[in-house]
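Some notes on the structure that comes next.
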Amino acid sequence: MTDSHRIVIVGGGAGGLELATRAGDRFGRRARATVTLVDKNETHLWKPLLHEIAAGSMDIHAHQLDYLAQARWHHFNFCFGSLETLERSRREIIVGPVADERGVEVIPRRTLGYDTLVIAIGSVANTFGVPGVAEHAYALESAVEADRFHRRLINACFQANYLPGSTPGQLRVVIVGAGATGVELAAELHNTTRVLAAYGLQNIEPERFLHITLLNADPRILPMLPERIAKAVTGALEDLGVVVACSEQAVEVTATEVKTKSGKSYPADLAVWSAGIKGADLLRDLDGLETNRVNQLVVRPTLQTTRDPDIFALGDCSAFPREGKTPPVPPAAQAAHQEASHLLGSIARRLHGQPLAPFRYRDFGSLVSLGEYSTIGSLMGFLSGKSYRVEGWFARLMYLSLYKMHLYALHGPVGVVLDTLARFLKRGTEPSVKLH
């Protein structure tokens, strides 16, 4: 390895951007290596926030981070564009051209060479071949999609406000999939209509206007949490008026309804698909790299891909098997954070020609936010090996700390303090829900 070692990270999600930032500070600052981040977007948004963007609880523009600015501050390069192909024999990737909204090419196709390649492009919605999902449902897998859903929601609320009278269930939202995203979105949407009514939409009666149905193919919601916690969350949602329908597998989505395998039909003015994820189709044909049945790159204990030791994968696009457990490491922000930290050490070892250490995932538990109403989840006790139920203000504090940990990795302690203070001071001049 030489001082000109080329580190290329494809994907600026939670794990990819954290790795690029820390690698830039550690290796790029001292010219020990060149670090390049490739992403198809110009800005970063922490993916667990997307349901809040969709509901309007959070302003997309206030929480986006410019990749170019982050690269300037932390000594790495940013390449704007999508990964097109991989040429392993030449250690090169091809980054596709970028066009503007008129279709005019702004940035041409480029070739980037690498010595260490990290693929962290995240995941896309798994539609399981259900017809109508792509045409009629919102997947909320990107900031653009979440913002588009929010505008549609706001327009529906304004339209209903100026119709004569108010009838129950004027806006029918069906959410397919009761994992964390589906559950948290249901609670946030309930709060959104209540706040909108308080901001001058007098003809909307929050308890009668919005009708939310949460469909799930499994017998219960939140399969990643213990059953006792799933029951508590189900009760909390039903108290809010959300209809929770389990053992209902969606088989078709149309412009007006969601049909299920049992023969039932659920009317839907807005449909959201959060029933599962998979790796992008691109990964399946990426120059012979091994993938599993949902297009995730299969990796070794060192996070190296099984067929090329110079290529690593982290986050939702990777499948890391856990010792003694059937499911791989879950596609969660805490997993991406831990993998990014591990890979930072692995790159340092590669630069010094040392063998790589295996990655060990530590499950700190899972938390589900019900917006302004409650936060419920489980935290792991590492001395006892058991999980403990937490809820209320302590659970909310732990939930918020996950985002603060992400900001800490990107901006350091001073940046987190200043960001927190600025948002606290600005709260008095902004509505609690985005109104446009």
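Each chain in the structure tokens gets a letter, A, B and so on, in the order shown; residues start at 1 in every chain, and ligands are counted from 1 in the order they appear.
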Which residues of stretch 94-208 of chain A have any atom within 10 Å of an atom in stretch 76-85 of chain A when counting only C-alpha atoms, and what is the closest pair of atoms for each, with the distance in Å to one decimal? Order the rows by chain and rising number and write it as a Markdown table.
| residue | atom | partner | partner_atom | distance |
| --- | --- | --- | --- | --- |
| A:Ile94 | CA | A:Thr85 | CA | 5.2 |
| A:Val95 | CA | A:Leu83 | CA | 4.7 |
| A:Gly96 | CA | A:Ser82 | CA | 5.4 |
| A:Pro97 | CA | A:Gly81 | CA | 6.4 |
| A:Val98 | CA | A:Gly81 | CA | 6.0 |
| A:Ala99 | CA | A:Gly81 | CA | 9.5 |
| A:Ile107 | CA | A:Phe80 | CA | 8.3 |
| A:Pro108 | CA | A:Gly81 | CA | 9.3 |
| A:Arg109 | CA | A:Gly81 | CA | 8.4 |
| A:Arg110 | CA | A:Gly81 | CA | 8.9 |
| A:Thr111 | CA | A:Thr85 | CA | 9.7 |
| A:Leu112 | CA | A:Cys79 | CA | 9.4 |
| A:Ile119 | CA | A:Leu83 | CA | 9.7 |
| A:Ile121 | CA | A:Leu83 | CA | 9.0 |
Practice task
Output as a PyMOL selection string all residues of stretch 107-250 of chain A that backbone DSSP marks as strand (DSSP E).
Solution key: chain A and resi 107+110-113+116-119+124-125+137-138+171-176+210-215+243-245+250
Exercise for the section: In Å, rounded to a single decimal, give me how far atom CA of A:Asp59 is from atom CA of A:His136. Expected result: 24.6 Å
Problem - Residues near A:Leu50, cut-off 7 Å, only C-alpha atoms, skip fewer than 3 positions along chain, as a PyMOL selection string - result: chain A and resi 47+53-54+140+143+146
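Across the structure, atom CA of A:Ala245 and atom CA of A:Gly129 are spaced 21.2 Å apart.
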Handout entry: Residue contacts of A:Ile154 (12 Å, only C-alpha atoms) excluding same-chain residues fewer than 3 positions away, as number ranges by chain
Key = A: 54-56, 147-151, 157-161, 171, 189, 192-193, 195-197, 201, 270, 433-436
